[in-house]
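Novice: For reference, the file structure05.cif (mmCIF, C-alpha atoms) is included below:
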data_start
#
loop_
_atom_site.label_atom_id
_atom_site.label_comp_id
_atom_site.auth_asym_id
_atom_site.auth_seq_id
_atom_site.Cartn_x
_atom_site.Cartn_y
_atom_site.Cartn_z
CA MET A 127 94.97 120.42 127.15
CA THR A 128 95.34 119.95 123.39
CA ASP A 129 98.91 119.75 122.12
CA LYS A 130 99.31 122.47 119.46
CA ARG A 131 102.36 120.67 118.06
CA SER A 132 100.96 117.17 117.50
CA PHE A 133 98.57 116.20 114.70
CA ASP A 134 97.25 113.25 112.77
CA ALA A 135 98.27 115.01 109.55
CA VAL A 136 100.16 118.14 108.56
CA PHE A 137 99.30 119.52 105.11
CA ILE A 138 101.95 121.55 103.31
CA GLY A 139 100.18 123.95 100.96
CA GLY A 140 96.98 125.98 101.27
CA GLY A 141 95.62 125.98 97.74
CA VAL A 142 92.32 124.32 96.86
CA ILE A 143 93.90 120.84 96.84
CA GLY A 144 95.47 121.19 100.29
CA LEU A 145 92.42 122.81 101.85
CA ALA A 146 89.99 120.29 100.34
CA CYS A 147 92.09 117.32 101.47
CA ALA A 148 92.52 118.70 104.99
CA TRP A 149 88.80 119.47 105.27
CA ARG A 150 87.80 115.94 104.27
CA ALA A 151 90.32 114.48 106.72
CA ALA A 152 89.02 116.73 109.51
CA GLN A 153 85.46 115.66 108.74
CA ALA A 154 86.58 112.07 109.23
CA GLY A 155 87.83 112.94 112.71
CA ALA A 156 91.52 113.58 112.03
CA ARG A 157 93.34 116.38 113.82
CA VAL A 158 94.85 118.40 110.98
CA VAL A 159 96.73 121.60 110.28
CA VAL A 160 97.42 123.30 106.94
CA LEU A 161 100.65 125.28 106.65
CA GLU A 162 100.70 127.95 103.93
CA ARG A 163 103.53 130.43 103.45
CA ALA A 164 101.18 133.00 101.80
CA GLU A 165 97.48 133.76 102.31
CA PRO A 166 94.74 131.74 100.57
CA PRO A 167 93.88 131.84 97.76
CA ALA A 168 97.45 130.77 97.03
CA GLY A 169 99.52 129.21 94.25
CA ALA A 170 97.81 127.98 91.11
CA THR A 171 94.41 128.48 92.81
CA ASN A 172 94.86 132.23 92.57
CA VAL A 173 95.25 132.06 88.78
CA ALA A 174 92.88 129.24 87.82
CA ALA A 175 89.86 130.09 85.67
CA GLY A 176 87.73 127.43 87.36
CA MET A 177 86.52 125.39 84.38
CA LEU A 178 84.96 122.07 85.37
CA ALA A 179 84.96 120.68 81.85
CA PRO A 180 86.12 117.07 81.55
CA VAL A 181 84.10 116.45 78.36
CA GLY A 182 85.16 119.51 76.40
CA GLU A 183 88.77 119.29 77.55
CA LEU A 184 89.08 115.65 76.46
CA THR A 185 92.51 114.98 74.94
CA PHE A 186 93.49 112.06 72.72
CA GLY A 187 95.58 109.44 74.47
CA GLU A 188 94.58 110.45 78.00
CA ARG A 189 91.87 107.91 78.87
CA ASP A 190 93.14 107.46 82.45
CA LEU A 191 92.94 111.19 83.06
CA LEU A 192 89.45 111.28 81.56
CA GLU A 193 88.29 108.57 83.96
CA ILE A 194 89.56 110.53 86.96
CA ALA A 195 88.15 113.79 85.60
CA MET A 196 84.70 112.34 84.92
CA ALA A 197 84.57 110.71 88.35
CA SER A 198 85.52 113.97 90.03
CA GLY A 199 83.18 116.01 87.84
CA ALA A 200 80.29 113.83 89.00
CA LEU A 201 81.10 114.80 92.60
CA TRP A 202 81.20 118.54 92.04
CA ALA A 203 77.59 119.64 92.54
CA ASP A 204 77.33 117.90 95.92
CA PHE A 205 80.86 118.97 96.87
CA ALA A 206 80.07 122.65 96.21
CA SER A 207 76.80 122.44 98.13
CA GLU A 208 78.53 120.81 101.08
CA VAL A 209 81.33 123.38 101.17
CA GLU A 210 78.84 126.24 101.02
CA ALA A 211 76.67 124.72 103.75
CA ALA A 212 79.68 124.12 106.01
CA SER A 213 81.23 127.54 105.47
CA GLY A 214 78.28 129.85 104.83
CA GLU A 215 80.26 131.18 101.86
CA SER A 216 79.60 131.04 98.12
CA THR A 217 81.95 129.06 95.87
CA GLY A 218 80.64 130.60 92.64
CA TYR A 219 79.67 127.14 91.37
CA GLU A 220 77.36 127.11 88.33
CA GLN A 221 76.42 124.32 85.95
CA CYS A 222 76.50 126.71 83.02
CA GLY A 223 77.52 124.37 80.19
CA ALA A 224 80.38 124.86 77.75
CA LEU A 225 80.37 125.72 74.06
CA HIS A 226 83.50 124.85 72.07
CA VAL A 227 83.59 126.59 68.69
CA ALA A 228 85.65 126.11 65.53
CA LEU A 229 86.65 129.38 63.89
CA ASP A 230 87.90 127.92 60.59
CA ARG A 231 87.95 124.65 58.62
CA ASP A 232 91.15 123.38 60.24
CA GLU A 233 89.76 123.94 63.72
CA ALA A 234 86.48 122.33 62.63
CA GLY A 235 88.32 119.19 61.53
CA GLU A 236 90.04 118.90 64.90
CA LEU A 237 86.84 119.62 66.82
CA ARG A 238 85.00 116.99 64.76
CA ARG A 239 87.66 114.41 65.63
CA ARG A 240 87.32 115.24 69.31
CA HIS A 241 83.54 115.10 69.08
CA ASP A 242 83.74 111.66 67.44
CA LEU A 243 85.83 110.48 70.39
CA GLN A 244 83.36 112.00 72.84
CA ARG A 245 80.52 110.09 71.17
CA GLU A 246 82.57 106.89 71.06
CA LEU A 247 83.08 107.15 74.82
CA GLY A 248 79.41 107.89 75.46
CA LEU A 249 80.01 111.43 76.70
CA GLU A 250 77.32 114.10 76.62
CA ALA A 251 78.28 116.38 73.72
CA GLU A 252 76.28 117.71 70.75
CA TRP A 253 77.53 119.12 67.45
CA LEU A 254 75.77 122.41 66.63
CA THR A 255 75.57 124.58 63.52
CA PRO A 256 76.77 128.19 63.71
CA THR A 257 73.14 129.37 63.76
CA ARG A 258 72.33 127.17 66.74
CA CYS A 259 75.51 128.26 68.53
CA ARG A 260 74.57 131.91 68.10
CA GLU A 261 71.09 131.23 69.43
CA LEU A 262 72.75 130.06 72.64
CA GLU A 263 75.45 132.75 72.68
CA PRO A 264 74.42 135.78 70.58
CA GLY A 265 77.74 137.50 71.25
CA LEU A 266 79.72 135.00 69.19
CA VAL A 267 81.65 136.23 66.16
CA PRO A 268 79.37 136.28 63.06
CA ASN A 269 81.42 133.90 60.93
CA PHE A 270 82.62 130.52 62.19
CA VAL A 271 82.17 126.88 61.24
CA GLY A 272 80.33 125.17 64.12
CA GLY A 273 80.60 124.08 67.71
CA VAL A 274 80.16 121.37 70.32
CA LEU A 275 77.90 121.90 73.31
CA ALA A 276 78.74 120.09 76.54
CA ALA A 277 75.64 121.06 78.49
CA SER A 278 76.58 119.38 81.77
CA GLU A 279 79.87 121.21 82.29
CA ALA A 280 80.27 123.74 85.06
CA SER A 281 82.50 126.40 86.54
CA VAL A 282 83.51 127.65 89.96
CA ASP A 283 85.37 130.68 91.28
CA PRO A 284 88.63 129.16 92.63
CA ARG A 285 89.41 132.16 94.83
CA ALA A 286 85.98 132.08 96.45
CA LEU A 287 86.25 128.30 96.74
CA ALA A 288 89.57 128.54 98.61
CA LEU A 289 88.13 131.01 101.13
CA ALA A 290 85.04 128.84 101.60
CA LEU A 291 87.18 125.73 102.12
CA ALA A 292 89.30 127.57 104.68
CA ALA A 293 86.15 128.47 106.61
CA ALA A 294 84.78 124.92 106.31
CA LEU A 295 88.10 123.53 107.54
CA ARG A 296 87.95 125.67 110.67
CA GLU A 297 84.31 124.68 111.26
CA ALA A 298 85.40 121.02 111.11
CA GLY A 299 88.04 121.63 113.78
CA GLY A 300 91.06 121.93 111.50
CA GLU A 301 93.71 124.64 111.64
CA LEU A 302 95.07 126.90 108.92
CA ARG A 303 98.35 128.65 109.66
CA THR A 304 99.32 131.26 107.07
CA GLY A 305 102.66 133.01 106.70
CA THR A 306 104.21 129.70 107.68
CA GLU A 307 107.01 128.20 105.60
CA VAL A 308 108.28 124.66 106.12
CA VAL A 309 112.06 124.44 105.99
CA ASP A 310 112.85 120.93 107.21
CA GLY A 311 111.43 117.51 107.96
CA LEU A 312 111.54 115.71 111.29
CA TRP A 313 112.75 112.12 111.07
CA ASP A 314 112.64 109.01 113.19
CA GLY A 315 115.11 106.83 111.35
CA GLU A 316 113.65 106.42 107.85
CA ARG A 317 110.20 107.67 108.81
CA LEU A 318 109.03 111.25 108.31
CA VAL A 319 107.33 112.24 111.57
CA GLY A 320 106.74 115.96 111.15
CA VAL A 321 108.13 119.27 109.92
CA ARG A 322 110.01 122.30 111.16
CA THR A 323 108.94 125.82 110.17
CA ALA A 324 111.08 128.86 109.43
CA ALA A 325 110.04 130.24 112.82
CA GLY A 326 111.56 127.17 114.49
CA ASP A 327 108.29 125.46 115.43
CA GLU A 328 108.31 121.67 115.28
CA LEU A 329 105.01 120.03 114.36
CA ARG A 330 104.78 116.26 114.70
CA ALA A 331 102.27 114.13 112.81
CA ASP A 332 101.44 110.60 111.79
CA ALA A 333 101.47 111.80 108.17
CA VAL A 334 102.87 114.77 106.26
CA VAL A 335 100.79 115.54 103.15
CA LEU A 336 102.72 117.37 100.43
CA CYS A 337 100.27 119.47 98.43
CA ASN A 338 102.31 122.53 97.54
CA GLY A 339 101.69 122.29 93.80
CA ALA A 340 104.41 123.39 91.41
CA TRP A 341 106.90 123.65 94.27
CA SER A 342 106.47 120.04 95.41
CA GLY A 343 109.23 118.79 93.13
CA GLN A 344 111.63 121.31 94.68
CA THR A 345 110.93 120.49 98.33
CA ALA A 346 114.49 120.79 99.59
CA TRP A 347 113.79 119.21 102.99
CA LEU A 348 112.86 115.90 101.35
CA PRO A 349 115.47 113.50 99.98
CA ASP A 350 115.71 113.59 96.18
CA ALA A 351 114.02 110.25 95.64
CA ALA A 352 111.03 111.27 97.74
CA ARG A 353 110.38 114.44 95.75
CA PRO A 354 107.62 113.93 93.16
CA PRO A 355 108.64 114.53 89.52
CA VAL A 356 106.64 117.75 89.28
CA ARG A 357 107.66 120.78 87.23
CA PRO A 358 106.18 124.30 87.05
CA VAL A 359 104.21 125.19 83.90
CA LYS A 360 103.51 128.90 83.57
CA GLY A 361 100.05 130.18 82.67
CA GLU A 362 98.67 133.69 82.33
CA THR A 363 95.03 134.76 82.67
CA VAL A 364 93.17 138.02 82.12
CA GLU A 365 90.11 139.22 84.03
CA LEU A 366 87.54 141.38 82.22
CA ARG A 367 84.60 143.22 83.76
CA PRO A 368 81.51 144.56 81.96
CA ARG A 369 80.85 148.28 82.16
CA GLU A 370 78.04 149.36 84.42
CA GLY A 371 74.72 148.55 82.79
CA ASP A 372 76.22 146.33 80.09
CA PRO A 373 75.20 142.66 79.91
CA ALA A 374 77.74 139.87 80.30
CA PRO A 375 79.04 138.82 76.85
CA ALA A 376 78.46 135.09 77.50
CA SER A 377 76.43 132.94 79.87
CA ARG A 378 78.39 129.73 79.25
CA ILE A 379 82.01 128.73 79.11
CA VAL A 380 83.06 129.58 75.55
CA ALA A 381 86.23 128.09 74.11
CA SER A 382 88.10 127.89 70.82
CA GLU A 383 91.18 125.88 70.00
CA ARG A 384 93.40 128.64 71.45
CA VAL A 385 91.50 130.27 74.30
CA TYR A 386 88.74 129.76 76.83
CA LEU A 387 86.47 132.30 78.47
CA VAL A 388 84.83 131.47 81.80
CA PRO A 389 81.95 133.65 83.08
CA ARG A 390 81.51 134.54 86.72
CA PRO A 391 78.08 135.02 88.33
CA ASP A 392 78.79 138.76 88.74
CA GLY A 393 79.43 139.27 85.01
CA ARG A 394 83.21 139.08 85.02
CA LEU A 395 84.94 137.00 82.37
CA ILE A 396 88.17 135.06 82.96
CA VAL A 397 90.26 134.55 79.83
CA GLY A 398 92.91 131.84 79.82
CA ALA A 399 95.32 130.47 79.49
CA THR A 400 98.77 130.59 78.04
CA GLN A 401 101.09 127.65 78.66
CA GLU A 402 104.88 127.92 78.81
CA GLU A 403 107.78 125.93 80.24
CA ARG A 404 109.68 128.80 81.88
CA GLY A 405 110.64 127.46 85.27
CA PHE A 406 109.37 129.52 88.19
CA ASP A 407 108.87 132.72 86.19
CA THR A 408 105.58 134.40 87.15
CA VAL A 409 105.96 137.67 85.23
CA VAL A 410 102.86 138.80 83.33
CA THR A 411 104.03 139.49 79.79
CA ALA A 412 102.68 141.87 77.15
CA GLY A 413 102.85 139.02 74.64
CA GLY A 414 100.81 136.69 76.82
CA VAL A 415 98.11 139.29 77.46
CA HIS A 416 98.05 140.25 73.78
CA GLU A 417 97.62 136.61 72.75
CA LEU A 418 94.73 136.06 75.16
CA LEU A 419 92.88 139.25 74.21
CA ARG A 420 93.43 138.68 70.47
CA GLU A 421 92.05 135.13 70.59
CA ALA A 422 89.20 136.11 72.91
CA TYR A 423 88.20 138.90 70.52
CA ARG A 424 88.13 136.41 67.64
CA VAL A 425 85.48 134.46 69.56
CA LEU A 426 83.52 137.18 71.40
CA PRO A 427 84.09 140.60 69.79
CA ASP A 428 82.14 142.40 72.54
CA ILE A 429 85.03 141.89 74.95
CA ALA A 430 86.63 144.93 73.33
CA GLU A 431 84.24 147.13 75.33
CA MET A 432 84.92 145.44 78.67
CA GLU A 433 87.10 146.83 81.45
CA LEU A 434 90.54 145.24 81.75
CA ALA A 435 90.23 144.38 85.44
CA GLY A 436 93.34 142.31 86.06
CA MET A 437 96.17 140.17 84.76
CA ILE A 438 98.05 137.46 86.60
CA ALA A 439 100.52 134.65 85.96
CA GLY A 440 100.90 131.46 87.95
CA LEU A 441 102.44 128.01 87.95
CA ARG A 442 100.64 124.74 87.33
CA PRO A 443 102.17 121.52 88.74
CA GLY A 444 102.92 119.36 85.71
CA SER A 445 103.73 115.64 85.90
CA PRO A 446 105.53 113.47 83.30
CA ASP A 447 102.30 111.76 82.15
CA ASN A 448 99.85 114.60 82.95
CA LEU A 449 98.21 112.48 85.64
CA PRO A 450 98.03 113.68 89.25
CA ILE A 451 100.31 112.13 91.86
CA VAL A 452 98.18 111.14 94.84
CA GLY A 453 98.93 108.54 97.51
CA ARG A 454 101.71 107.31 99.76
CA GLY A 455 105.15 108.65 98.95
CA ALA A 456 108.57 107.08 98.73
CA VAL A 457 109.30 107.47 102.45
CA GLU A 458 107.14 106.26 105.30
CA GLY A 459 104.92 109.00 106.72
CA LEU A 460 104.75 110.98 103.44
CA VAL A 461 101.55 111.35 101.42
CA LEU A 462 101.51 113.17 98.07
CA ALA A 463 98.70 115.22 96.51
CA THR A 464 100.23 117.09 93.60
CA GLY A 465 100.87 117.02 89.84
CA HIS A 466 97.33 118.07 88.85
CA PHE A 467 98.59 120.28 86.00
CA ARG A 468 95.57 122.05 84.38
CA ASN A 469 92.97 120.13 86.39
CA GLY A 470 93.55 120.96 90.05
CA ILE A 471 90.17 122.61 90.60
CA LEU A 472 88.26 119.92 88.71
CA LEU A 473 90.04 117.11 90.54
CA ALA A 474 89.78 118.60 94.04
CA PRO A 475 86.77 116.54 95.23
CA ILE A 476 88.16 113.14 94.23
CA THR A 477 91.67 114.03 95.41
CA ALA A 478 90.27 115.01 98.80
CA GLU A 479 88.44 111.70 99.07
CA ALA A 480 91.57 109.78 98.07
CA VAL A 481 93.81 111.54 100.60
CA ALA A 482 91.27 111.22 103.42
CA ALA A 483 90.96 107.49 102.65
CA THR A 484 94.74 107.06 102.56
CA LEU A 485 95.10 108.74 105.95
CA ALA A 486 92.31 106.58 107.39
CA GLY A 487 93.84 103.39 106.00
CA THR A 488 90.90 102.66 103.67
CA ALA A 489 90.72 102.22 99.90
CA PRO A 490 90.69 105.42 97.80
CA PRO A 491 88.20 105.81 94.92
CA GLY A 492 88.86 103.25 92.19
CA ALA A 493 89.37 105.88 89.51
CA MET A 494 92.41 107.15 91.42
CA ALA A 495 94.40 103.93 90.96
CA THR A 496 96.28 105.45 88.01
CA ALA A 497 97.30 108.44 90.18
CA ASP A 498 99.42 106.18 92.42
CA PRO A 499 102.85 107.77 93.02
CA ASN A 500 104.37 104.30 92.49
CA ARG A 501 102.91 103.82 88.98
CA SER A 502 105.27 102.54 86.30
CA THR A 503 105.44 105.84 84.39
CA LEU A 504 106.97 107.51 87.43
CA VAL A 505 109.22 104.68 88.63
CA ALA A 506 111.85 105.51 86.03
CA GLN A 507 111.85 109.12 87.21
CA ARG A 508 112.63 107.95 90.72
CA ALA A 509 115.02 105.10 89.99
CA THR A 510 118.11 107.27 89.55
CA ASN A 511 117.55 108.75 92.99
CA ASP A 512 117.26 105.52 94.97
CA ASN A 513 120.86 105.60 96.15
CA ARG A 514 120.42 109.17 97.34
CA LEU A 515 117.41 108.14 99.43
CA ALA A 516 119.45 105.43 101.15
CA ALA A 517 122.23 107.93 101.88
CA HIS A 518 119.74 110.41 103.34
CA SER A 519 118.12 107.78 105.55
CA ALA A 520 121.51 106.78 106.91
CA GLY A 521 122.28 110.41 107.71
CA ALA A 522 118.88 111.00 109.34
CA ALA A 523 119.38 107.98 111.59
CA ARG A 524 122.55 109.39 113.10
#
Can the structure from this file be put into structure tokens for me?
Specialist:
Amino acid sequence: MTDKRSFDAVFIGGGVIGLACAWRAAQAGARVVVLERAEPPAGATNVAAGMLAPVGELTFGERDLLEIAMASGALWADFASEVEAASGESTGYEQCGALHVALDRDEAGELRRRHDLQRELGLEAEWLTPTRCRELEPGLVPNFVGGVLAASEASVDPRALALALAAALREAGGELRTGTEVVDGLWDGERLVGVRTAAGDELRADAVVLCNGAWSGQTAWLPDAARPPVRPVKGETVELRPREGDPAPASRIVASERVYLVPRPDGRLIVGATQEERGFDTVVTAGGVHELLREAYRVLPDIAEMELAGMIAGLRPGSPDNLPIVGRGAVEGLVLATGHFRNGILLAPITAEAVAATLAGTAPPGAMATADPNRSTLVAQRATNDNRLAAHSAGAAR
């Protein structure tokens, strides 16, 4: 009889990252369980717009992140197909392309600089005149300066993806337990050997994978030095729906310097996203919604006739250097998969491969080397907590 309390790996967090990692591990033969205190889609997954746009989102000074993003982006088409085949559910994946437009001369100067960097790095991106941009997207505002087309970029519906991953996980033999909050770790000396839930259940495992996003840095049942330096970054998004009989206002991702609009296959449009350092505040604000709608209208005026279908705020897991934190943690038995900031959906395939490899004792993808939790940029964050870790280990051994 199978022991319902013993696993190869326990995953804490049922967003896209946790579900994808657990699914890949289960495919490799591991006995896994995902513990989620809410119901998927959960956490940042529930708010994410689903842009898969490593070229258009390129930021100066973030070459390491670009390498990870490009490597993961290359996996996405096959990843989506595999999830859909395993689950029988749609993920909403579309290789729709992305058009980044400059609304004035200042924005054009910045977009030109970014396009120069894209070309320098050999990325697929083309500068277009306003006329050419409007041929691709007739709904664009009449007067603007130009744009950059990244034809290979894609999008996915994160909520649909989470549900599909949950189904695929179950098909692979994994478990998903919702309404389950972890309140403590189980220790064998200095080694983490499982977790205890709020209901009092004790689940033992060879590895505990922490993938609870913005909350990972506040995981009270871990010693301070083992908590990743992750902070919550608030973002708000708006969902618009075309009126019956009206066409969708855009067929591609459309973005300006201040807003992005991501189309869904059913005609909906996701507008995002604000960015604020406000702790764990998830209140949708009038100011945030106003900002998003104002900037979206400046790009696609036809949104004024769309139905305001929903508004939501969520928390992204930010790291000190904007790189994800994926790999073995500061205590034995702990694996981290967090800190993805704005890129959790994009980086899900490569993160899942890295975590599955770590659990199997094999080498993760080479691009993920800079995501190592023990990288130099994070060591300083952890150094002040080393003494606390030693004190915790001594207490746990009693």
Novice: Once the PyMOL selection byres ((chain A and resi 404-406) around 9) has been applied to the shown file, what residues remain in the selection, as JSON, numbers by chain?
Specialist: {"A": [340, 341, 357, 358, 359, 360, 402, 403, 407, 408, 440, 441]}
Novice: With distances taken over all atoms listed in the file, which of A:Gly465, A:Pro475, A:Gly272, A:Gly155 is nearest to A:Arg442?
Specialist: A:Gly465
Novice: I would like the residues chosen by the PyMOL selection byres ((chain A and resi 411) around 12) on the shown file; could you give them as a list in words?
Specialist: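 Residues picked by the PyMOL selection byres ((chain A and resi 411) around 12): Lys360, Gly361, Glu362, Thr363, Val364, Thr400, Glu402, Asp407, Thr408, Val409, Val410, Ala412, Gly413, Gly414, Val415, His416, Glu417, Leu418, Met437, Ile438, Ala439 and Gly440 of chain A.
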Novice: Can you work out which one of A:Val209, A:Ala195, A:Ile143, A:Ala175 has the shortest atom-to-atom distance to A:Met494, counting all atoms listed in the file?
Specialist: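 Closest to A:Met494, using all atoms listed in the file: A:Ala195.
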Novice: Identify, on the basis of all atoms listed in the file, every residue whose closest approach to stretch 285-291 of chain A does not exceed 8 Å; exclude the query and any residue fewer than 2 positions from it along the same chain; express the result as number ranges by chain.
Specialist: A: 141-142, 145-146, 149, 166-167, 171-172, 209-210, 213-218, 282-283, 293-295
Novice: Tell me which residues the PyMOL selection byres ((chain A and resi 462) around 10) grabs here, as a ChimeraX atom specification.
Specialist: /A:137-138,334-338,342,352-354,450-456,460-461,463-465,481,498-499
Novice: Might you pull out every residue within 8 Å of A:Met177, with all atoms listed in the file counted and same-chain residues fewer than 3 positions away left off, and present them as a list in words?
Specialist: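 Listed by chain and then number, they are Ala280, Ser281, Val282, Ile379, Val388, Ile471 and Leu472 of chain A.
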Novice: For A:Ala154, which of A:Leu387, A:Ala495, A:Ala298, A:Ala381 is the closest residue, counting only C-alpha atoms?
Specialist: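 Looking only at the distances to A:Ala154, the closest residue turns out to be A:Ala298.
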Novice: Looking at all atoms listed in the file, which of A:Met196, A:Ala168, A:Ala435, A:Cys259 is the one that sits closest to A:Val380?
Specialist: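 Checking each candidate against A:Val380, we get A:Cys259 as the closest.
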Novice: Have a look at atom CA of A:Leu184 and atom CA of A:Gln344 and let me know their distance in Å, one decimal.
Specialist: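 Calculated distance between atom CA of A:Leu184 and atom CA of A:Gln344 is 29.5 Å.
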Novice: Name the closest residue to A:Leu262 among the candidates A:Pro491, A:Gly235, A:Gly326, A:Pro375; distances are taken between atoms, counting all atoms listed in the file.
Specialist: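 Of all the options, A:Pro375 lies closest to A:Leu262.
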Novice: For A:Arg369, list every protein, DNA or RNA residue within 8 Å, evaluated using only C-alpha atoms, and leave out those in the same chain fewer than 4 positions away; present the list as a PyMOL selection string.
Specialist: chain A and resi 431-433
Novice: Rank nothing, just name the residue among A:Ile429, A:Val159, A:Ala480, A:Leu247 nearest to A:Gly140, using all atoms listed in the file.
Specialist: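 For A:Gly140, the nearest of the candidates is A:Val159.
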Novice: Between atom CA of A:Asn469 and atom CA of A:Val227, measure the distance and give it in Å to one decimal.
Specialist: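 About the pair atom CA of A:Asn469 and atom CA of A:Val227: they are 21.0 Å apart.
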Novice: To one decimal in Å, tell me the separation between atom CA of A:Leu329 and atom CA of A:Arg131.
Specialist: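 Between atom CA of A:Leu329 and atom CA of A:Arg131 the gap works out to 4.6 Å.
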Novice: Hey, which bits of stretch 345-464 of chain A sit within 10 Å of stretch 311-315 of chain A, and for each residue what's the closest pair of atoms and how far apart in Å (one decimal), counting all atoms listed in the file, rows by chain and increasing number, as JSON lines?
Specialist:
{"residue": "A:Ala346", "atom": "CA", "partner": "A:Gly311", "partner_atom": "CA", "distance": 9.5}
{"residue": "A:Trp347", "atom": "CA", "partner": "A:Gly311", "partner_atom": "CA", "distance": 5.8}
{"residue": "A:Leu348", "atom": "CA", "partner": "A:Gly311", "partner_atom": "CA", "distance": 7.0}
{"residue": "A:Pro349", "atom": "CA", "partner": "A:Gly311", "partner_atom": "CA", "distance": 9.8}
{"residue": "A:Glu458", "atom": "CA", "partner": "A:Trp313", "partner_atom": "CA", "distance": 10.0}
{"residue": "A:Gly459", "atom": "CA", "partner": "A:Trp313", "partner_atom": "CA", "distance": 9.5}
Novice: Selected residues, C-alpha atoms, written as a PDB file, keeping the file's coordinate frame, please.
Specialist:
ATOM      1  CA  ALA A 346     114.490 120.790  99.590  1.00  0.00           C
ATOM      2  CA  TRP A 347     113.790 119.210 102.990  1.00  0.00           C
ATOM      3  CA  LEU A 348     112.860 115.900 101.350  1.00  0.00           C
ATOM      4  CA  PRO A 349     115.470 113.500  99.980  1.00  0.00           C
ATOM      5  CA  GLU A 458     107.140 106.260 105.300  1.00  0.00           C
ATOM      6  CA  GLY A 459     104.920 109.000 106.720  1.00  0.00           C
TER       7      GLY A 459
END
Novice: Enumerate, as an NGL selection string, the protein, DNA and RNA residues whose atoms approach (98.2, 110.9, 112.1) to within 8 Å, taking into account all atoms listed in the file and the coordinate frame of the file.
Specialist: :A and (133-135 or 156-157 or 331-333 or 485)
Novice: Print the selection's residues with C-alpha atoms to a file, as a compact mmCIF listing (two decimals), in the coordinates of the input.
Specialist:
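The resulting file, out15.txt, is shown below:
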# COMPACT_ATOMS: atom_id res chain seq x y z
CA PHE A 133 98.57 116.20 114.70
CA ASP A 134 97.25 113.25 112.77
CA ALA A 135 98.27 115.01 109.55
CA ALA A 156 91.52 113.58 112.03
CA ARG A 157 93.34 116.38 113.82
CA ALA A 331 102.27 114.13 112.81
CA ASP A 332 101.44 110.60 111.79
CA ALA A 333 101.47 111.80 108.17
CA LEU A 485 95.10 108.74 105.95
Novice: Complete the atoms of stretch 296-309 of chain A to N, CA and C atoms and put them out as a compact mmCIF listing (two decimals), in the frame of the given file.
Specialist:
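Once everything was written out, this is result_19.txt:
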# COMPACT_ATOMS: atom_id res chain seq x y z
N ARG A 296 87.98 125.21 109.27
CA ARG A 296 87.95 125.67 110.67
C ARG A 296 86.69 125.17 111.37
N GLU A 297 85.56 125.17 110.67
CA GLU A 297 84.31 124.68 111.26
C GLU A 297 84.41 123.20 111.62
N ALA A 298 85.23 122.45 110.85
CA ALA A 298 85.40 121.02 111.11
C ALA A 298 86.45 120.75 112.17
N GLY A 299 87.05 121.80 112.73
CA GLY A 299 88.04 121.63 113.78
C GLY A 299 89.47 121.65 113.32
N GLY A 300 89.70 121.86 112.01
CA GLY A 300 91.06 121.93 111.50
C GLY A 300 91.66 123.31 111.67
N GLU A 301 92.99 123.38 111.53
CA GLU A 301 93.71 124.64 111.64
C GLU A 301 94.29 125.04 110.30
N LEU A 302 94.37 126.35 110.07
CA LEU A 302 95.07 126.90 108.92
C LEU A 302 96.04 127.95 109.44
N ARG A 303 97.32 127.71 109.22
CA ARG A 303 98.35 128.65 109.66
C ARG A 303 98.99 129.28 108.42
N THR A 304 98.76 130.56 108.21
CA THR A 304 99.32 131.26 107.07
C THR A 304 100.62 131.95 107.45
N GLY A 305 101.35 132.41 106.44
CA GLY A 305 102.66 133.01 106.70
C GLY A 305 103.62 132.04 107.34
N THR A 306 103.43 130.76 107.04
CA THR A 306 104.21 129.70 107.68
C THR A 306 104.92 128.87 106.62
N GLU A 307 106.22 128.95 106.59
CA GLU A 307 107.01 128.20 105.60
C GLU A 307 107.70 127.02 106.26
N VAL A 308 107.61 125.86 105.63
CA VAL A 308 108.28 124.66 106.12
C VAL A 308 109.69 124.61 105.55
N VAL A 309 110.67 124.42 106.43
CA VAL A 309 112.06 124.44 105.99
C VAL A 309 112.78 123.12 106.21
